[in-house]
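Engineer: Dropping in start-v2.txt, with compact mmCIF, C-alpha atoms and all ligand atoms.
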# COMPACT_ATOMS: atom_id res chain seq x y z
CA MET K 1 -32.14 17.51 11.22
CA LYS K 2 -30.69 20.07 8.82
CA ASN K 3 -27.23 21.30 9.66
CA LYS K 4 -25.57 24.69 9.38
CA ARG K 5 -24.21 23.95 5.95
CA PHE K 6 -27.69 23.24 4.63
CA TYR K 7 -29.02 26.63 5.78
CA ARG K 8 -25.96 28.43 4.51
CA TYR K 9 -26.32 26.84 1.10
CA TRP K 10 -30.05 27.48 1.06
CA LEU K 11 -29.55 31.11 2.00
CA SER K 12 -26.86 31.57 -0.62
CA SER K 13 -29.45 30.83 -3.37
CA LEU K 14 -31.59 33.62 -1.91
CA VAL K 15 -28.58 35.93 -1.85
CA ASP K 16 -28.02 35.20 -5.56
CA VAL K 17 -31.64 36.20 -6.29
CA VAL K 18 -31.37 39.38 -4.22
CA ILE K 19 -28.17 40.37 -6.01
CA ALA K 20 -29.83 39.81 -9.40
CA VAL K 21 -32.88 41.89 -8.33
CA LEU K 22 -30.70 44.73 -7.10
CA LEU K 23 -28.64 44.70 -10.29
CA THR K 24 -31.87 44.78 -12.36
CA TYR K 25 -33.21 47.79 -10.50
CA VAL K 26 -29.97 49.71 -10.51
CA THR K 27 -29.59 49.08 -14.26
CA LEU K 28 -33.16 50.19 -14.94
CA ILE K 29 -32.86 53.36 -12.85
CA ILE K 30 -29.49 54.31 -14.35
CA SER K 31 -30.58 53.64 -17.94
CA ASN K 32 -33.78 55.63 -17.38
CA LYS K 33 -31.81 58.52 -16.04
CA ILE K 34 -29.33 58.39 -18.90
CA LEU K 35 -32.16 58.27 -21.43
CA VAL K 36 -33.93 61.26 -19.87
CA TYR K 37 -30.66 63.16 -19.67
CA LEU K 38 -29.80 62.44 -23.27
CA TYR K 39 -33.29 63.40 -24.39
CA ARG K 40 -33.16 66.69 -22.57
CA TYR K 41 -29.66 67.84 -23.11
CA THR K 42 -28.55 66.40 -26.43
CA LYS K 43 -29.86 66.97 -29.87
CA ILE K 44 -29.32 63.46 -31.18
CA GLN K 45 -32.24 62.56 -33.44
CA LEU K 46 -31.99 58.83 -32.91
CA ILE K 47 -32.40 59.24 -29.19
CA ASN K 48 -35.42 61.47 -29.71
CA TYR K 49 -37.06 58.82 -31.84
CA PHE K 50 -36.23 56.08 -29.42
CA PHE K 51 -37.56 58.07 -26.45
CA LYS K 52 -40.85 58.75 -28.18
CA PHE K 53 -41.17 55.16 -29.40
CA TRP K 54 -40.43 53.91 -25.89
CA ASN K 55 -43.10 56.16 -24.33
CA ILE K 56 -45.69 55.03 -26.88
CA ILE K 57 -45.05 51.38 -26.14
CA LYS K 58 -44.91 52.03 -22.42
CA TYR K 59 -47.98 54.18 -21.91
CA GLU K 60 -50.21 53.78 -24.93
CA MET K 61 -49.85 50.25 -26.31
CA PHE K 62 -48.96 47.83 -23.54
CA GLY K 63 -48.97 50.01 -20.50
CA TYR K 64 -46.88 48.74 -17.64
CA ASN K 65 -46.67 45.19 -19.03
CA ILE K 66 -43.72 45.95 -21.27
CA TYR K 67 -41.85 47.31 -18.31
CA ILE K 68 -42.40 44.09 -16.41
CA ILE K 69 -41.15 42.03 -19.36
CA VAL K 70 -37.98 44.13 -19.55
CA GLU K 71 -37.53 43.80 -15.81
CA ILE K 72 -37.94 40.03 -15.85
CA SER K 73 -35.60 39.63 -18.81
CA LEU K 74 -32.97 41.77 -17.15
CA PHE K 75 -33.42 39.87 -13.89
CA MET K 76 -32.94 36.52 -15.67
CA LEU K 77 -29.86 37.81 -17.42
CA PHE K 78 -28.30 39.04 -14.18
CA TYR K 79 -29.32 35.91 -12.27
CA MET K 80 -27.68 33.71 -14.87
CA LEU K 81 -24.55 35.84 -14.70
CA VAL K 82 -24.49 35.68 -10.90
CA ILE K 83 -24.79 31.87 -10.79
CA TYR K 84 -22.59 31.35 -13.87
CA LYS K 85 -19.38 30.53 -11.98
CA LYS K 86 -21.10 28.26 -9.45
CA THR K 87 -22.89 26.35 -12.23
CA LYS K 88 -19.73 26.08 -14.29
CA SER K 89 -17.78 24.67 -11.33
CA LEU K 90 -20.54 22.21 -10.44
CA ALA K 91 -20.85 21.04 -14.05
CA ALA K 92 -17.07 20.58 -14.23
CA ILE K 93 -17.09 18.58 -11.00
CA MET K 94 -19.94 16.39 -12.30
CA ASP K 95 -18.05 15.75 -15.55
CA GLU K 96 -14.92 14.80 -13.65
CA THR K 97 -16.74 12.53 -11.20
CA GLU K 98 -18.38 10.77 -14.12
CA ILE K 99 -14.95 10.00 -15.57
CA MET K 100 -13.74 8.90 -12.13
CA ALA K 101 -16.78 6.66 -11.71
CA SER K 102 -15.88 4.91 -14.94
CA GLY K 103 -12.63 3.81 -13.30
CA ASP K 104 -10.07 6.53 -13.98
CA LEU K 105 -8.98 7.31 -10.43
CA ASP K 106 -5.81 9.08 -11.52
CA ARG K 107 -7.80 12.25 -12.20
CA ILE K 108 -7.66 15.19 -9.87
CA ILE K 109 -10.49 17.70 -10.05
CA LYS K 110 -9.09 21.18 -10.48
CA VAL K 111 -11.77 23.85 -10.41
CA ASP K 112 -11.13 27.47 -9.56
CA SER K 113 -13.69 28.08 -6.86
CA LYS K 114 -14.22 29.00 -3.24
CA GLY K 115 -16.23 27.93 -0.22
CA ASP K 116 -18.49 24.88 -0.30
CA ILE K 117 -17.68 23.95 -3.88
CA LYS K 118 -13.99 24.00 -3.09
CA ASN K 119 -14.67 21.74 -0.09
CA LEU K 120 -16.74 19.40 -2.24
CA MET K 121 -13.94 19.22 -4.78
CA LYS K 122 -11.33 18.55 -2.09
CA ASN K 123 -13.44 15.79 -0.55
CA ILE K 124 -13.99 14.07 -3.89
CA ASN K 125 -10.25 14.24 -4.61
CA ASP K 126 -9.49 12.78 -1.18
CA ILE K 127 -11.98 9.95 -1.68
CA ALA K 128 -10.47 9.15 -5.09
CA GLU K 129 -6.97 9.16 -3.57
CA GLN K 130 -7.97 6.81 -0.76
CA LEU K 131 -9.81 4.55 -3.14
CA LYS K 132 -6.74 4.41 -5.35
CA ASP K 133 -4.54 3.43 -2.40
CA VAL K 134 -6.99 0.70 -1.41
CA THR K 135 -7.14 -0.59 -4.98
CA VAL K 136 -3.36 -0.69 -5.31
CA GLU K 137 -3.09 -2.44 -1.94
CA GLU K 138 -5.78 -4.92 -2.92
CA ARG K 139 -4.11 -5.69 -6.23
CA ARG K 140 -0.80 -6.23 -4.47
CA ALA K 141 -2.43 -8.55 -1.93
CA GLN K 142 -4.09 -10.44 -4.74
CA GLN K 143 -0.76 -10.77 -6.56
CA THR K 144 0.97 -11.98 -3.38
CA LYS K 145 -1.76 -14.55 -2.90
CA THR K 146 -1.44 -15.76 -6.48
CA ASP K 147 2.35 -15.95 -6.14
CA LEU K 148 1.97 -17.84 -2.91
CA ILE K 149 -0.40 -20.37 -4.42
CA THR K 150 1.87 -20.83 -7.45
CA ASN K 151 4.92 -21.34 -5.25
CA VAL K 152 3.16 -23.61 -2.80
CA SER K 153 1.71 -25.78 -5.54
CA HIS K 154 5.13 -26.09 -7.12
CA ASP K 155 6.90 -26.85 -3.87
CA LEU K 156 4.29 -29.37 -2.81
CA ARG K 157 4.02 -31.04 -6.17
CA THR K 158 7.71 -31.71 -6.73
CA PRO K 159 8.27 -33.93 -3.67
CA LEU K 160 4.79 -35.40 -3.99
CA THR K 161 5.49 -36.50 -7.57
CA SER K 162 8.59 -38.37 -6.49
CA ILE K 163 6.82 -39.91 -3.48
CA ILE K 164 4.10 -41.20 -5.80
CA GLY K 165 6.76 -42.39 -8.26
CA TYR K 166 8.61 -44.44 -5.66
CA LEU K 167 5.43 -45.82 -4.11
CA GLU K 168 4.29 -46.84 -7.57
CA ILE K 169 7.50 -48.83 -8.13
CA ILE K 170 6.89 -50.58 -4.81
CA ASP K 171 3.21 -51.10 -5.53
CA ASN K 172 3.99 -52.70 -8.89
CA ASP K 173 6.69 -54.90 -7.31
CA LYS K 174 9.26 -53.41 -9.65
CA TYR K 175 12.12 -53.57 -7.16
CA LYS K 176 14.88 -56.16 -7.29
CA ASP K 177 15.29 -57.07 -3.67
CA GLU K 178 14.68 -56.07 -0.11
CA VAL K 179 17.60 -53.61 -0.20
CA GLU K 180 16.16 -51.72 -3.15
CA LEU K 181 12.70 -51.75 -1.55
CA ARG K 182 14.14 -50.22 1.61
CA TYR K 183 15.97 -47.65 -0.48
CA TYR K 184 12.75 -46.52 -2.22
CA VAL K 185 10.79 -46.50 1.02
CA ASN K 186 13.49 -44.40 2.60
CA ILE K 187 13.41 -41.81 -0.20
CA ALA K 188 9.61 -41.60 -0.05
CA TYR K 189 9.81 -41.24 3.73
CA GLU K 190 12.42 -38.46 3.54
CA LYS K 191 10.41 -36.61 0.91
CA ALA K 192 7.25 -36.94 3.00
CA LYS K 193 9.11 -35.54 6.01
CA GLY K 194 10.29 -32.64 3.87
CA LEU K 195 6.72 -32.00 2.79
CA ASN K 196 5.58 -32.05 6.38
CA LEU K 197 8.28 -29.52 7.28
CA LEU K 198 7.31 -27.27 4.41
CA ILE K 199 3.64 -27.32 5.32
CA ASN K 200 4.46 -26.56 8.94
CA ASP K 201 6.68 -23.66 7.89
CA LEU K 202 4.01 -22.27 5.65
CA PHE K 203 1.41 -22.58 8.33
CA GLU K 204 3.62 -20.85 10.86
CA LEU K 205 4.53 -18.06 8.47
CA THR K 206 0.90 -17.46 7.55
CA LYS K 207 -0.05 -17.37 11.21
CA MET K 208 2.70 -14.85 11.94
CA GLN K 209 1.78 -12.68 9.00
CA ASN K 210 -1.87 -12.68 9.97
CA ASN K 211 -0.90 -11.66 13.48
CA THR K 212 -2.79 -14.62 14.88
CA ILE K 213 0.21 -15.94 16.73
CA SER K 214 0.62 -15.45 20.45
CA LEU K 215 4.08 -15.04 21.90
CA ASP K 216 5.06 -16.76 25.10
CA LYS K 217 7.39 -14.04 26.33
CA VAL K 218 9.84 -14.46 29.17
CA ASP K 219 13.11 -12.78 30.11
CA ILE K 220 15.92 -14.57 28.33
CA ASN K 221 19.67 -14.28 28.55
CA LEU K 222 20.36 -14.04 24.83
CA VAL K 223 24.06 -14.93 25.15
CA GLN K 224 23.21 -18.09 27.06
CA LEU K 225 20.51 -19.05 24.57
CA LEU K 226 22.84 -18.51 21.61
CA GLY K 227 25.51 -20.63 23.32
CA GLN K 228 23.03 -23.48 23.72
CA VAL K 229 21.83 -23.37 20.13
CA VAL K 230 25.37 -23.21 18.76
CA ALA K 231 26.36 -26.15 20.98
CA TYR K 232 23.37 -28.06 19.68
CA PHE K 233 24.58 -27.36 16.12
CA GLU K 234 28.10 -28.67 16.76
CA TYR K 235 27.23 -32.01 15.22
CA GLN K 236 26.00 -30.36 12.03
CA PHE K 237 29.09 -28.16 11.83
CA LYS K 238 31.27 -31.24 12.08
CA ASN K 239 29.20 -33.07 9.51
CA ALA K 240 29.63 -30.21 7.08
CA ASN K 241 33.32 -30.12 7.82
CA MET K 242 33.00 -26.68 9.32
CA GLU K 243 33.83 -24.91 12.53
CA SER K 244 31.86 -22.42 14.59
CA ARG K 245 33.57 -19.60 16.42
CA VAL K 246 31.73 -17.63 19.06
CA ASN K 247 32.66 -14.16 20.15
CA PHE K 248 30.18 -13.07 22.80
CA SER K 249 30.39 -9.74 24.59
CA ASP K 250 30.50 -9.61 28.37
CA ASP K 251 27.26 -7.62 28.43
CA LYS K 252 24.30 -9.30 29.95
CA LEU K 253 21.85 -9.28 27.07
CA ILE K 254 18.46 -9.85 28.63
CA VAL K 255 15.62 -9.77 26.14
CA ASN K 256 11.94 -10.34 26.65
CA ALA K 257 11.10 -12.93 24.06
CA ASP K 258 9.43 -16.16 23.12
CA ALA K 259 12.31 -18.60 23.58
CA ARG K 260 11.06 -21.24 21.14
CA LYS K 261 10.51 -18.71 18.40
CA LEU K 262 13.87 -17.08 18.99
CA VAL K 263 15.60 -20.47 18.86
CA ARG K 264 13.85 -21.08 15.54
CA ALA K 265 15.15 -17.79 14.17
CA ILE K 266 18.72 -18.52 15.27
CA GLU K 267 18.51 -22.08 13.93
CA ASN K 268 17.46 -20.79 10.53
CA LEU K 269 20.44 -18.44 10.39
CA LEU K 270 22.88 -21.12 11.52
CA SER K 271 21.55 -23.74 9.12
CA ASN K 272 21.82 -21.23 6.27
CA ALA K 273 25.40 -20.41 7.25
CA ILE K 274 26.20 -24.13 7.12
CA LYS K 275 24.26 -24.73 3.89
CA TYR K 276 25.64 -21.79 1.97
CA GLY K 277 28.98 -21.16 3.61
CA GLN K 278 30.71 -24.50 3.31
CA GLU K 279 33.61 -23.22 1.22
CA GLY K 280 34.36 -20.64 3.92
CA PHE K 281 34.89 -23.26 6.63
CA TYR K 282 34.24 -20.90 9.57
CA VAL K 283 30.98 -19.53 10.92
CA ASP K 284 31.31 -16.68 13.39
CA ILE K 285 28.59 -15.88 15.88
CA THR K 286 29.05 -12.59 17.70
CA THR K 287 27.04 -10.47 20.12
CA LYS K 288 27.33 -6.88 21.28
CA ILE K 289 25.15 -4.16 22.72
CA GLU K 290 24.41 -1.03 20.73
CA GLU K 291 22.03 1.77 21.74
CA ASN K 292 19.98 -0.46 24.04
CA MET K 293 19.73 -3.16 21.41
CA ALA K 294 21.28 -6.58 21.56
CA VAL K 295 23.07 -7.16 18.27
CA VAL K 296 23.69 -10.69 17.04
CA GLN K 297 25.65 -11.47 13.90
CA VAL K 298 26.01 -14.78 12.11
CA ILE K 299 28.86 -14.57 9.62
CA ASN K 300 29.89 -17.10 7.02
CA TYR K 301 32.61 -16.89 4.42
CA GLY K 302 31.22 -18.87 1.56
CA GLN K 303 29.54 -17.73 -1.59
CA SER K 304 28.32 -14.15 -1.59
CA ILE K 305 24.81 -12.90 -2.36
CA SER K 306 24.74 -10.33 -5.15
CA SER K 307 23.50 -6.84 -4.34
CA ILE K 308 20.54 -7.35 -6.68
CA GLU K 309 19.42 -10.49 -4.86
CA LEU K 310 20.24 -9.38 -1.33
CA PRO K 311 17.12 -7.21 -0.77
CA HIS K 312 14.91 -10.20 -1.62
CA VAL K 313 16.39 -12.91 0.58
CA PHE K 314 13.78 -12.21 3.26
CA ASP K 315 10.89 -12.63 0.81
CA ARG K 316 9.04 -15.88 1.20
CA PHE K 317 10.00 -18.53 -1.35
CA TYR K 318 12.91 -16.45 -2.57
CA ARG K 319 16.05 -18.40 -3.25
CA VAL K 320 19.22 -16.92 -4.70
CA GLU K 321 19.83 -18.05 -8.27
CA LYS K 322 22.95 -20.05 -7.33
CA SER K 323 21.08 -21.98 -4.63
CA ARG K 324 18.14 -22.66 -6.90
CA ASN K 325 20.48 -24.24 -9.42
CA SER K 326 22.45 -26.17 -6.85
CA GLU K 327 21.89 -29.44 -5.08
CA ILE K 328 21.25 -27.61 -1.80
CA GLY K 329 17.61 -28.07 -0.93
CA GLY K 330 15.35 -25.49 0.62
CA SER K 331 12.04 -23.83 0.12
CA GLY K 332 13.04 -20.22 0.64
CA LEU K 333 10.88 -19.81 3.71
CA GLY K 334 13.58 -19.87 6.40
CA LEU K 335 14.58 -16.21 6.27
CA ALA K 336 10.98 -15.02 5.84
CA ILE K 337 10.11 -16.85 9.06
CA THR K 338 13.20 -15.49 10.81
CA LYS K 339 12.38 -11.94 9.78
CA ASN K 340 8.82 -12.32 11.03
CA ILE K 341 9.97 -13.68 14.37
CA ILE K 342 12.46 -10.85 14.87
CA GLU K 343 9.90 -8.21 13.89
CA LEU K 344 7.29 -9.72 16.20
CA HIS K 345 9.80 -8.94 18.96
CA GLN K 346 10.20 -5.31 17.82
CA GLY K 347 13.57 -6.18 16.38
CA ILE K 348 15.33 -5.51 13.09
CA ILE K 349 17.06 -7.97 10.79
CA SER K 350 19.40 -7.15 7.95
CA ALA K 351 21.84 -8.85 5.64
CA TYR K 352 25.16 -7.82 4.20
CA SER K 353 27.29 -9.65 1.70
CA ASP K 354 30.51 -9.10 -0.20
CA ASN K 355 33.10 -11.34 -1.83
CA GLU K 356 34.64 -12.12 1.51
CA ARG K 357 31.73 -12.72 3.84
CA THR K 358 27.99 -12.78 4.36
CA ILE K 359 26.55 -11.31 7.55
CA PHE K 360 23.06 -11.81 8.88
CA GLU K 361 22.43 -9.45 11.77
CA PHE K 362 19.47 -9.04 14.06
CA LYS K 363 18.85 -6.53 16.81
CA LEU K 364 16.48 -6.96 19.72
CA PRO K 365 15.62 -4.43 22.40
CA VAL K 366 17.29 -5.30 25.71
CA LYS K 367 15.55 -4.89 29.03
P1 LIG E 401 14.64 -23.00 3.86
O1 LIG E 401 15.44 -22.21 4.85
O2 LIG E 401 13.21 -22.63 3.84
O3 LIG E 401 14.86 -24.43 3.96
P2 LIG E 401 16.33 -21.62 2.02
O4 LIG E 401 17.50 -21.79 2.91
O5 LIG E 401 16.56 -21.71 0.57
O6 LIG E 401 15.16 -22.61 2.41
P3 LIG E 401 16.07 -19.00 3.17
O7 LIG E 401 16.69 -19.48 4.44
O8 LIG E 401 14.91 -18.09 3.26
O9 LIG E 401 15.63 -20.21 2.26
O10 LIG E 401 17.17 -18.28 2.34
C1 LIG E 401 16.87 -17.67 1.11
C2 LIG E 401 18.05 -17.70 0.18
O11 LIG E 401 19.04 -16.77 0.63
C3 LIG E 401 18.75 -19.02 0.13
O12 LIG E 401 18.17 -19.84 -0.85
C4 LIG E 401 20.16 -18.65 -0.23
O13 LIG E 401 20.27 -18.51 -1.62
C5 LIG E 401 20.34 -17.28 0.37
N1 LIG E 401 21.06 -17.32 1.66
C6 LIG E 401 20.51 -17.38 2.87
N2 LIG E 401 21.46 -17.38 3.84
C7 LIG E 401 22.64 -17.32 3.21
C8 LIG E 401 24.01 -17.28 3.65
N3 LIG E 401 24.32 -17.33 4.93
N4 LIG E 401 24.98 -17.20 2.71
C9 LIG E 401 24.68 -17.14 1.41
N5 LIG E 401 23.40 -17.17 0.93
C10 LIG E 401 22.41 -17.25 1.81
MG MG E 402 17.25 -21.44 5.00
Kindly transcribe the structure held in the file into C-alpha cells.

Structural biologist:
Amino acid sequence: MKNKRFYRYWLSSLVDVVIAVLLTYVTLIISNKILVYLYRYTKIQLINYFFKFWNIIKYEMFGYNIYIIVEISLFMLFYMLVIYKKTKSLAAIMDETEIMASGDLDRIIKVDSKGDIKNLMKNINDIAEQLKDVTVEERRAQQTKTDLITNVSHDLRTPLTSIIGYLEIIDNDKYKDEVELRYYVNIAYEKAKGLNLLINDLFELTKMQNNTISLDKVDINLVQLLGQVVAYFEYQFKNANMESRVNFSDDKLIVNADARKLVRAIENLLSNAIKYGQEGFYVDITTKIEENMAVVQVINYGQSISSIELPHVFDRFYRVEKSRNSEIGGSGLGLAITKNIIELHQGIISAYSDNERTIFEFKLPVK
C-alpha cells in the first residue's frame, strides 16, 4: 500500500520534468524571436552569417533532427538545473549519514532545504540523538556494573581471606590452646556473619534498584515507629557512650509504608549516627510536618562530611575518606539502601553537614 508521501514524491519528479520542458520551449521560442528580430532590424554582419548558417543546417543538411538535438540538450540542461538543489541536499545527507554510520554520532546534518528532504534530515538527526543517548546510558550502566563487580569482589575477598587464614591455622593445629582456638573460631565466625550481612544488603539493594521488590504497605504512625526503633537502639547508644534525644512533634504523622523497610532505613541512619558521631555524644531525632510531608531528622555532632564528599554518601559502596581510613567497619551500602527505601515510598532524603553537626533528613508523604 503506497501512502500519500509516495505519490507526492513520485509526482514531484514529474513536476521537475514538466518545468524543464516548459523552460526549454520558452527559451527556444524567445531565442528564435530574438534571432529573427535581430536579423530583420539590425545590420550586424555576424548575426546575418549565423542566421544563414543556422537555416542551412536546419533545412538543408539535417532537417529537423538538429532542432531535436538542441531541444534535448536544452531540456537536459534545464532538468539538471531544476534537480540540482535536491540532488545536492540528498548527496550531502548521504555523506553525513555515512560518517554517522562509522560511529561519529556527534554530527548534526545541516542542509538548507525544504519539504520532504528537510523532514528526512530532521528524522536522521533525531535518530542519531536518541542513539547517542542510549549509547551514553549503556556505557554508564556498563561502568556501574564494572564498578559494582570491582567493589563486591574487594569487599567479599577481604573478609574471606581472613576467614581462610584463621581456618588454616586451626586446620594445621597451629594454635596454642583451647582459648586461642576459640579466639580464631570466633573471628572467623564474626567475619562470616559480616559477609552474610554484606551479601544480603547487596541482594536487597539490587532487588530495589531493579524494581523487583514488592512493598507491604500499611498505615503507620511514624512517630510511634521512630520511638520504638530509638528505644531498641538504647543499648547501642549506651555501649557507645552516647545519648539519644528525641524531639517529636505533636502531629499525628500517618504514612502508608512498608514497616520493615522503613525500620531498616531508620536503623541505618541511627547506626551511622552512632558509628560516626561518637565524639559528639548526643544524637537528636526530631519529627515535624511540612507541606503534607512528614519530616524526620537524625542529627549527630561528630565528625563532619566535607562538601565534596557529601553528594556521594548515598552512592553504593561510597565511604567518606576518614571512615575508610579508620577502624570503623562498613561496606558503604547502608545509605544507598536507605535512599532506595525512602524513594520507593515517594519520599526524599538529603544530608547536610558542617563543623558542628551532620543532619540526615527524610520526608515522606503523610496521609
Ligand atoms: P554500612 O552502613 O553499609 O555498614 P557505611 O556506614 O560505611 O557502611 P553508609 O551508611 O552508606 O556506609 O555511609 C556512607 C559513608 O557516609 C560512611 O562511610 C561515612 O563516611 C559517611 N556517613 C554516613 N553517615 C554519617 C554521619 N551520620 N556522620 C558522619 N558521616 C557519615
Ligand atoms: Mg552505614

Engineer: Select, from K:Phe6, K:Tyr79, K:Phe314, K:Tyr175, the residue with the minimum atom-to-atom distance to ligand LIG 401 (chain E), counting all atoms listed in the file.

Structural biologist: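 Checking each candidate against ligand LIG 401 (chain E), we get K:Phe314 as the closest.
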
Engineer: Can you pull out every residue with an atom within 8 Å of ligand LIG 401 (chain E)? Use all atoms listed in the file and format it as a ChimeraX atom specification.

Structural biologist: /K:198,201,268-277,298-305,310,313-324,328-337,353,358-360

Engineer: Next, dump the selected residues to file, keeping only C-alpha atoms, as a PDB file, in the coordinates of the input.

Structural biologist:
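part_21.pdb was written with the following content:
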ATOM      1  CA  LEU K 198       7.310 -27.270   4.410  1.00  0.00           C
ATOM      2  CA  ASP K 201       6.680 -23.660   7.890  1.00  0.00           C
ATOM      3  CA  ASN K 268      17.460 -20.790  10.530  1.00  0.00           C
ATOM      4  CA  LEU K 269      20.440 -18.440  10.390  1.00  0.00           C
ATOM      5  CA  LEU K 270      22.880 -21.120  11.520  1.00  0.00           C
ATOM      6  CA  SER K 271      21.550 -23.740   9.120  1.00  0.00           C
ATOM      7  CA  ASN K 272      21.820 -21.230   6.270  1.00  0.00           C
ATOM      8  CA  ALA K 273      25.400 -20.410   7.250  1.00  0.00           C
ATOM      9  CA  ILE K 274      26.200 -24.130   7.120  1.00  0.00           C
ATOM     10  CA  LYS K 275      24.260 -24.730   3.890  1.00  0.00           C
ATOM     11  CA  TYR K 276      25.640 -21.790   1.970  1.00  0.00           C
ATOM     12  CA  GLY K 277      28.980 -21.160   3.610  1.00  0.00           C
ATOM     13  CA  VAL K 298      26.010 -14.780  12.110  1.00  0.00           C
ATOM     14  CA  ILE K 299      28.860 -14.570   9.620  1.00  0.00           C
ATOM     15  CA  ASN K 300      29.890 -17.100   7.020  1.00  0.00           C
ATOM     16  CA  TYR K 301      32.610 -16.890   4.420  1.00  0.00           C
ATOM     17  CA  GLY K 302      31.220 -18.870   1.560  1.00  0.00           C
ATOM     18  CA  GLN K 303      29.540 -17.730  -1.590  1.00  0.00           C
ATOM     19  CA  SER K 304      28.320 -14.150  -1.590  1.00  0.00           C
ATOM     20  CA  ILE K 305      24.810 -12.900  -2.360  1.00  0.00           C
ATOM     21  CA  LEU K 310      20.240  -9.380  -1.330  1.00  0.00           C
ATOM     22  CA  VAL K 313      16.390 -12.910   0.580  1.00  0.00           C
ATOM     23  CA  PHE K 314      13.780 -12.210   3.260  1.00  0.00           C
ATOM     24  CA  ASP K 315      10.890 -12.630   0.810  1.00  0.00           C
ATOM     25  CA  ARG K 316       9.040 -15.880   1.200  1.00  0.00           C
ATOM     26  CA  PHE K 317      10.000 -18.530  -1.350  1.00  0.00           C
ATOM     27  CA  TYR K 318      12.910 -16.450  -2.570  1.00  0.00           C
ATOM     28  CA  ARG K 319      16.050 -18.400  -3.250  1.00  0.00           C
ATOM     29  CA  VAL K 320      19.220 -16.920  -4.700  1.00  0.00           C
ATOM     30  CA  GLU K 321      19.830 -18.050  -8.270  1.00  0.00           C
ATOM     31  CA  LYS K 322      22.950 -20.050  -7.330  1.00  0.00           C
ATOM     32  CA  SER K 323      21.080 -21.980  -4.630  1.00  0.00           C
ATOM     33  CA  ARG K 324      18.140 -22.660  -6.900  1.00  0.00           C
ATOM     34  CA  ILE K 328      21.250 -27.610  -1.800  1.00  0.00           C
ATOM     35  CA  GLY K 329      17.610 -28.070  -0.930  1.00  0.00           C
ATOM     36  CA  GLY K 330      15.350 -25.490   0.620  1.00  0.00           C
ATOM     37  CA  SER K 331      12.040 -23.830   0.120  1.00  0.00           C
ATOM     38  CA  GLY K 332      13.040 -20.220   0.640  1.00  0.00           C
ATOM     39  CA  LEU K 333      10.880 -19.810   3.710  1.00  0.00           C
ATOM     40  CA  GLY K 334      13.580 -19.870   6.400  1.00  0.00           C
ATOM     41  CA  LEU K 335      14.580 -16.210   6.270  1.00  0.00           C
ATOM     42  CA  ALA K 336      10.980 -15.020   5.840  1.00  0.00           C
ATOM     43  CA  ILE K 337      10.110 -16.850   9.060  1.00  0.00           C
ATOM     44  CA  SER K 353      27.290  -9.650   1.700  1.00  0.00           C
ATOM     45  CA  THR K 358      27.990 -12.780   4.360  1.00  0.00           C
ATOM     46  CA  ILE K 359      26.550 -11.310   7.550  1.00  0.00           C
ATOM     47  CA  PHE K 360      23.060 -11.810   8.880  1.00  0.00           C
TER      48      PHE K 360
END

Engineer: So, with all atoms listed in the file as the atoms that count, which of K:Glu267, K:Ile254, K:Met100, K:Leu195 lies closest to ligand MG 402 (chain E)?

Structural biologist: K:Glu267

Engineer: With all atoms listed in the file as the counted atoms, please give the residues lying no more than 8 Å from Ile285 of chain K, apart from itself and same-chain residues fewer than 3 positions off, as a PyMOL selection string.

Structural biologist: chain K and resi 244-248+296-299

Engineer: Distance atom CA of Met121 of chain K-atom CA of Ile109 of chain K, one decimal place?

Structural biologist: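 According to the coordinates, atom CA of Met121 of chain K and atom CA of Ile109 of chain K are separated by 6.5 Å.
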
Engineer: So how far away is atom CA of Thr87 of chain K from atom CA of Tyr67 of chain K, in Å?

Structural biologist: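 Spanning atom CA of Tyr67 of chain K to atom CA of Thr87 of chain K is a straight-line distance of 28.9 Å.
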
Engineer: Using only C-alpha atoms, which of the listed residues (K:Thr158, K:Asn32, K:Thr338, K:Ser214) sits closest to Ile266 of chain K?

Structural biologist: K:Thr338

Engineer: List as a list in words the protein and nucleic acid residues near segment 176-192 of chain K, meaning an atom at most 12 Å away when only C-alpha atoms are counted, but skip any in the same chain fewer than 2 places from it.

Structural biologist: Asp155, Leu156, Arg157, Thr158, Pro159, Leu160, Thr161, Ser162, Ile163, Ile164, Gly165, Tyr166, Leu167, Glu168, Ile169, Ile170, Asp171, Asn172, Asp173, Lys174, Gly194, Leu195, Asn196, Leu197, Leu198, Ile199 and Gly329 of chain K

Engineer: Tell me which protein, DNA and RNA residues are within 10 Å of Leu253 of chain K, counting only C-alpha atoms, leaving out same-chain ones fewer than 2 positions away, and put them as JSON, numbers by chain.

Structural biologist: {"K": [219, 220, 221, 222, 223, 224, 249, 250, 251, 255, 256, 287, 288, 289, 292, 293, 294, 295, 364, 365, 366, 367]}

Engineer: Considering only C-alpha atoms and all ligand atoms, can you say which of K:Val21, K:Ile124, K:Ala265, K:Ala91 comes closest to ligand MG 402 (chain E)?

Structural biologist: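 Under the stated criterion, the closest residue is K:Ala265.
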
Engineer: Distance atom CA of Thr135 of chain K-atom CA of Glu98 of chain K, one decimal place?

Structural biologist: 18.4 Å

Engineer: For Val136 of chain K, which residue out of K:Leu105, K:Ser113, K:Glu60, K:Ile34 is the nearest one, using only C-alpha atoms?

Structural biologist: K:Leu105
